[in-house]
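As provided, work-v9.cif (mmCIF, C-alpha atoms) reads as follows.
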```cif
data_data
loop_
_atom_site.label_atom_id
_atom_site.label_comp_id
_atom_site.auth_asym_id
_atom_site.auth_seq_id
_atom_site.Cartn_x
_atom_site.Cartn_y
_atom_site.Cartn_z
CA ARG A 1 -35.58 -2.52 -11.78
CA MET A 2 -37.95 -0.13 -10.01
CA MET A 3 -40.08 -3.02 -8.73
CA GLN A 4 -36.98 -4.81 -7.51
CA ALA A 5 -35.96 -1.71 -5.56
CA ILE A 6 -39.45 -1.43 -4.04
CA ALA A 7 -39.39 -5.13 -3.14
CA THR A 8 -36.02 -4.67 -1.42
CA LEU A 9 -37.41 -1.70 0.50
CA GLY A 10 -40.45 -3.82 1.34
CA HIS A 11 -38.19 -6.44 2.88
CA ALA A 12 -36.21 -3.81 4.78
CA LEU A 13 -39.20 -1.85 6.12
CA GLY A 14 -41.39 -4.88 6.79
CA PHE A 15 -38.80 -6.76 8.81
CA SER A 16 -37.62 -3.62 10.64
CA LEU A 17 -41.18 -2.75 11.61
CA ALA A 18 -41.82 -6.30 12.83
CA ALA A 19 -38.51 -6.32 14.73
CA GLY A 20 -39.50 -3.15 16.57
CA VAL A 21 -42.48 -5.03 18.00
CA ASN A 22 -40.88 -8.46 18.48
CA LEU A 23 -37.33 -8.94 17.26
CA TYR A 24 -37.04 -12.60 18.26
CA ALA A 25 -40.22 -13.69 16.49
CA THR A 26 -39.07 -11.89 13.35
CA VAL A 27 -35.64 -13.58 13.37
CA ALA A 28 -37.22 -16.96 14.14
CA ILE A 29 -39.61 -16.59 11.19
CA LEU A 30 -36.73 -15.75 8.85
CA GLY A 31 -34.66 -18.65 10.16
CA LEU A 32 -37.43 -21.23 9.91
CA VAL A 33 -38.54 -20.08 6.46
CA SER A 34 -34.95 -20.16 5.24
CA ARG A 35 -34.34 -23.58 6.79
CA PHE A 36 -37.43 -25.33 5.44
CA GLY A 37 -37.71 -23.43 2.16
CA TRP A 38 -41.36 -22.49 2.67
CA VAL A 39 -40.77 -19.36 0.58
CA GLU A 40 -38.03 -18.73 -1.96
CA LEU A 41 -35.89 -16.07 -0.32
CA PRO A 42 -33.09 -13.89 -1.68
CA SER A 43 -29.74 -15.56 -1.02
CA GLN A 44 -28.69 -13.02 1.62
CA PHE A 45 -31.33 -14.32 4.05
CA ALA A 46 -29.49 -17.64 4.28
CA VAL A 47 -27.53 -16.06 7.15
CA PHE A 48 -30.54 -16.80 9.37
CA ASP A 49 -30.46 -20.52 8.49
CA ASN A 50 -28.32 -21.41 11.49
CA ASN A 51 -29.19 -23.78 14.34
CA LEU A 52 -27.86 -21.39 16.99
CA VAL A 53 -29.69 -18.38 15.55
CA ILE A 54 -32.98 -20.24 15.18
CA GLY A 55 -32.75 -21.92 18.60
CA LEU A 56 -31.81 -18.72 20.42
CA ALA A 57 -34.51 -16.70 18.66
CA LEU A 58 -37.19 -19.28 19.53
CA ALA A 59 -36.04 -19.49 23.17
CA LEU A 60 -36.05 -15.70 23.60
CA TYR A 61 -39.40 -15.47 21.83
CA LEU A 62 -40.88 -17.87 24.41
CA VAL A 63 -39.48 -15.72 27.22
CA GLU A 64 -40.95 -12.62 25.63
CA PHE A 65 -44.28 -14.39 25.03
CA VAL A 66 -44.61 -14.93 28.79
CA ALA A 67 -43.16 -11.57 29.88
CA ASP A 68 -45.51 -9.68 27.56
CA LYS A 69 -48.56 -11.06 29.35
CA VAL A 70 -47.63 -9.77 32.83
CA PRO A 71 -48.43 -6.13 33.70
CA TRP A 72 -45.32 -4.00 34.35
CA VAL A 73 -43.06 -6.96 33.57
CA ASP A 74 -43.85 -6.22 29.93
CA SER A 75 -42.82 -2.58 30.40
CA ALA A 76 -39.57 -3.64 32.09
CA TRP A 77 -38.91 -6.02 29.18
CA ASP A 78 -39.59 -3.20 26.73
CA ALA A 79 -37.17 -0.94 28.60
CA VAL A 80 -34.42 -3.55 28.29
CA HIS A 81 -35.06 -3.74 24.54
CA THR A 82 -34.99 0.01 23.87
CA VAL A 83 -31.60 -0.40 22.19
CA ILE A 84 -31.83 -4.07 21.17
CA ARG A 85 -34.87 -3.80 18.90
CA PRO A 86 -33.69 -0.76 16.89
CA VAL A 87 -30.24 -2.32 16.43
CA GLY A 88 -31.90 -5.57 15.34
CA GLY A 89 -34.15 -3.65 12.95
CA ALA A 90 -31.12 -1.94 11.43
CA PHE A 91 -29.36 -5.28 10.99
CA LEU A 92 -32.40 -6.85 9.32
CA ALA A 93 -32.76 -3.87 6.98
CA VAL A 94 -29.11 -4.13 5.90
CA ALA A 95 -29.45 -7.92 5.52
CA ALA A 96 -32.36 -7.34 3.12
CA LEU A 97 -30.08 -5.42 0.75
CA GLY A 98 -27.65 -8.12 -0.24
CA ASP A 99 -24.71 -6.63 -2.12
CA ALA A 100 -24.72 -2.85 -1.74
CA THR A 101 -22.35 0.06 -1.34
CA PRO A 102 -21.34 1.10 2.19
CA THR A 103 -23.26 4.35 1.76
CA THR A 104 -26.44 2.52 0.81
CA GLU A 105 -26.00 0.12 3.73
CA ALA A 106 -25.57 3.05 6.12
CA ILE A 107 -28.70 4.80 4.82
CA ILE A 108 -30.84 1.66 4.93
CA GLY A 109 -29.42 0.74 8.34
CA LEU A 110 -30.41 4.14 9.73
CA LEU A 111 -33.84 3.85 8.13
CA GLY A 112 -34.38 0.35 9.51
CA GLY A 113 -33.19 1.34 12.97
CA THR A 114 -35.45 4.39 13.00
CA VAL A 115 -38.49 2.40 11.86
CA ALA A 116 -37.82 -0.30 14.48
CA ALA A 117 -37.35 2.37 17.16
CA GLY A 118 -40.66 3.97 16.19
CA ALA A 119 -42.46 0.62 16.42
CA HIS A 120 -40.75 -0.12 19.74
CA PHE A 121 -41.72 3.19 21.35
CA THR A 122 -45.27 2.91 20.02
CA LYS A 123 -45.55 -0.54 21.58
CA ALA A 124 -43.93 0.54 24.85
CA GLY A 125 -46.15 3.62 25.11
CA THR A 126 -49.30 1.60 24.45
CA ARG A 127 -48.27 -0.93 27.11
CA ALA A 128 -47.57 1.85 29.62
CA VAL A 129 -51.14 3.10 29.12
CA ALA A 130 -52.58 -0.42 29.38
CA ASN A 131 -50.67 -1.17 32.58
CA THR A 132 -52.48 1.61 34.43
CA SER A 133 -55.85 0.19 33.41
CA PRO A 134 -57.77 -1.53 36.22
CA GLU A 135 -58.63 -4.55 34.09
CA PRO A 136 -55.86 -7.09 33.38
CA VAL A 137 -57.22 -8.47 30.11
CA SER A 138 -55.74 -5.71 27.97
CA ASN A 139 -52.19 -7.08 28.37
CA TRP A 140 -53.18 -10.45 26.94
CA VAL A 141 -55.18 -8.87 24.12
CA LEU A 142 -52.37 -6.49 23.19
CA SER A 143 -49.71 -9.20 23.40
CA LEU A 144 -51.63 -11.64 21.20
CA ALA A 145 -52.45 -8.85 18.75
CA GLU A 146 -48.76 -7.93 18.57
CA ASP A 147 -47.78 -11.54 17.95
CA GLY A 148 -50.39 -11.78 15.20
CA PHE A 149 -49.17 -8.52 13.69
CA VAL A 150 -45.53 -9.68 13.62
CA ILE A 151 -46.39 -13.06 12.11
CA GLY A 152 -48.79 -11.54 9.58
CA LEU A 153 -46.39 -8.80 8.54
CA GLY A 154 -43.52 -11.30 8.39
CA VAL A 155 -45.46 -13.63 6.08
CA LEU A 156 -46.60 -10.70 3.90
CA THR A 157 -43.04 -9.37 3.67
CA LEU A 158 -41.70 -12.78 2.72
CA THR A 159 -44.32 -13.54 0.08
CA PHE A 160 -45.36 -10.11 -1.28
CA PRO A 161 -42.62 -7.59 -0.50
CA VAL A 162 -44.11 -4.91 -2.75
CA ALA A 163 -47.41 -5.11 -0.85
CA ALA A 164 -45.40 -5.12 2.39
CA PHE A 165 -43.76 -1.87 1.31
CA ALA A 166 -47.19 -0.25 0.89
CA VAL A 167 -48.50 -1.62 4.20
CA ALA A 168 -45.35 -0.65 6.10
CA THR A 169 -45.48 2.87 4.66
CA VAL A 170 -49.07 3.32 5.83
CA ILE A 171 -48.26 1.96 9.30
CA ILE A 172 -45.22 4.23 9.63
CA VAL A 173 -47.34 7.28 8.73
CA LEU A 174 -49.97 6.21 11.30
CA MET A 175 -47.27 5.76 13.96
CA ILE A 176 -46.03 9.28 13.32
CA VAL A 177 -49.56 10.68 13.49
CA PHE A 178 -50.54 8.86 16.69
CA PHE A 179 -47.20 8.85 18.51
CA GLY A 180 -47.93 12.19 20.21
CA THR A 181 -51.35 10.98 21.33
CA ILE A 182 -49.95 7.76 22.78
CA SER A 183 -47.12 9.62 24.54
CA ARG A 184 -49.48 12.12 26.15
CA ALA A 185 -51.84 9.37 27.27
CA ALA A 186 -48.95 7.38 28.75
CA TRP A 187 -47.67 10.36 30.72
CA ARG A 188 -51.18 11.19 32.01
CA ARG A 189 -51.82 7.60 33.10
CA TRP A 190 -48.36 7.31 34.66
CA GLY A 191 -48.82 10.55 36.60
CA ARG A 192 -52.28 9.51 37.80
CA ALA A 193 -51.03 6.08 38.93
CA ARG A 194 -48.12 7.70 40.77
CA ASP A 195 -50.41 10.19 42.53
CA GLU A 196 -52.80 7.46 43.59
CA ALA A 197 -50.03 5.14 44.86
CA PRO A 198 -49.88 4.83 48.68
CA ALA A 199 -47.05 6.75 50.32
#
```

Represent the structure from my file as structure tokens, please.
Amino acid sequence: RMMQAIATLGHALGFSLAAGVNLYATVAILGLVSRFGWVELPSQFAVFDNNLVIGLALALYLVEFVADKVPWVDSAWDAVHTVIRPVGGAFLAVAALGDATPTTEAIIGLLGGTVAAGAHFTKAGTRAVANTSPEPVSNWVLSLAEDGFVIGLGVLTLTFPVAAFAVATVIIVLMIVFFGTISRAAWRRWGRARDEAPA
């Protein structure tokens, strides 16, 4: 029973964390895996096995894939998703529960939304720092790394949810530790870029 609870938390945290970085890729992975049966999923994830959900998630992922490679466009895209990603993370966390009491759903929803928000702001802050860099390669490197992270974490969460729980916990702790550093760097870079901008 304890391992089942940890596995459920692994699903909730893993998918919420991935959604905070790229919600559409996370939903597309769940939809495709559910549709083709690549991994045996808990029955509650069948909600993602829907042509409209899969098609829309893939289409929006392609838009994000392009937007994430363009300096400042990526930051504008992140700004638009400041609410969308945490809400999506909360939804995915609740979906991972299956049958649960309203109180449990509320707690897990808040946890998932908070984790997704943390991942989102970490990503957005890192991109804000990269966008003030004189070399343009960093956007591509960061974007591809983020895509790889989401896919890798999604696959791990689907196949080994207990391991995903451990990995997600470590990443969340690291986000908390480094969030202040990223925020300060972003503000310094932003202020420097604004001061150097022509009047």

Which residue out of A:Ala119, A:Ala168, A:Val129, A:Leu13 has the minimum interatomic distance to Thr181 (chain A) when all atoms listed in the file are used? A:Val129

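Straight-line separation from CA of Met3 (chain A) to CA of Gly112 (chain A): 19.4 Å.
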
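The smallest atom-to-atom distance between Ala5 (chain A) and any of A:Leu97, A:Ala57, A:Ala79, A:Ala164, using all atoms listed in the file, is found for A:Leu97.
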
Counting all atoms listed in the file, find the residues whose atoms lie at most 12 Å from (-31.6, -4.1, 17.9) (file coordinates) and write them out as number ranges by chain. A: 15-24, 26-27, 78, 80-93, 109-110, 112-117, 119-120

What box, with edges along x, y and z, holds each listed atom of region 139-143 of chain A when 6 Å is added on every side, and can you state its centre and edge lengths in Å to one decimal, as AutoDock Vina command-line options?
```
--center_x -52.4 --center_y -8.5 --center_z 25.8 --size_x 17.5 --size_y 16.0 --size_z 17.2
```

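CA of Thr104 (chain A) is positioned 17.8 Å from CA of Phe45 (chain A).
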
CA of Met175 (chain A) and CA of Val33 (chain A), how far apart in Å? 28.3 Å

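Run against this file, the PyMOL selection byres ((chain A and resi 163) around 12) gives back Met3, Ile6, Ala7, Thr8, Leu9, Gly10, His11, Leu13, Gly14, Leu153, Gly154, Val155, Leu156, Thr157, Leu158, Thr159, Phe160, Pro161, Val162, Ala164, Phe165, Ala166, Val167, Ala168, Thr169 and Val170 of chain A.
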
From A:Gly55, A:Gly37, A:Pro42, A:Pro71, residue lying nearest Gln4 (chain A) [all atoms listed in the file]: A:Pro42

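When the PyMOL selection byres ((chain A and resi 48) around 10) is evaluated on the file shown here, the picked residues come out as A:Val27, A:Ala28, A:Ile29, A:Leu30, A:Gly31, A:Leu32, A:Val33, A:Ser34, A:Arg35, A:Gln44, A:Phe45, A:Ala46, A:Val47, A:Asp49, A:Asn50, A:Asn51, A:Leu52, A:Val53, A:Ile54, A:Ala95.
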
Check which residues satisfy the PyMOL selection byres ((chain A and resi 138) around 12) in the file shown, then give them as a compact mmCIF listing (two decimals) with C-alpha atoms, in the frame of the given file.
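Below you can see out.txt, which holds the result:
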```
# COMPACT_ATOMS: atom_id res chain seq x y z
CA ASP A 68 -45.51 -9.68 27.56
CA LYS A 69 -48.56 -11.06 29.35
CA VAL A 70 -47.63 -9.77 32.83
CA PRO A 71 -48.43 -6.13 33.70
CA THR A 126 -49.30 1.60 24.45
CA ARG A 127 -48.27 -0.93 27.11
CA ALA A 128 -47.57 1.85 29.62
CA VAL A 129 -51.14 3.10 29.12
CA ALA A 130 -52.58 -0.42 29.38
CA ASN A 131 -50.67 -1.17 32.58
CA THR A 132 -52.48 1.61 34.43
CA SER A 133 -55.85 0.19 33.41
CA PRO A 134 -57.77 -1.53 36.22
CA GLU A 135 -58.63 -4.55 34.09
CA PRO A 136 -55.86 -7.09 33.38
CA VAL A 137 -57.22 -8.47 30.11
CA ASN A 139 -52.19 -7.08 28.37
CA TRP A 140 -53.18 -10.45 26.94
CA VAL A 141 -55.18 -8.87 24.12
CA LEU A 142 -52.37 -6.49 23.19
CA SER A 143 -49.71 -9.20 23.40
CA LEU A 144 -51.63 -11.64 21.20
CA ALA A 145 -52.45 -8.85 18.75
CA GLU A 146 -48.76 -7.93 18.57
```

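Shortest atom-to-atom contact with Phe65 (chain A) among A:Ala25, A:Val173, A:Leu111, A:Ala124: A:Ala25, counting only C-alpha atoms.
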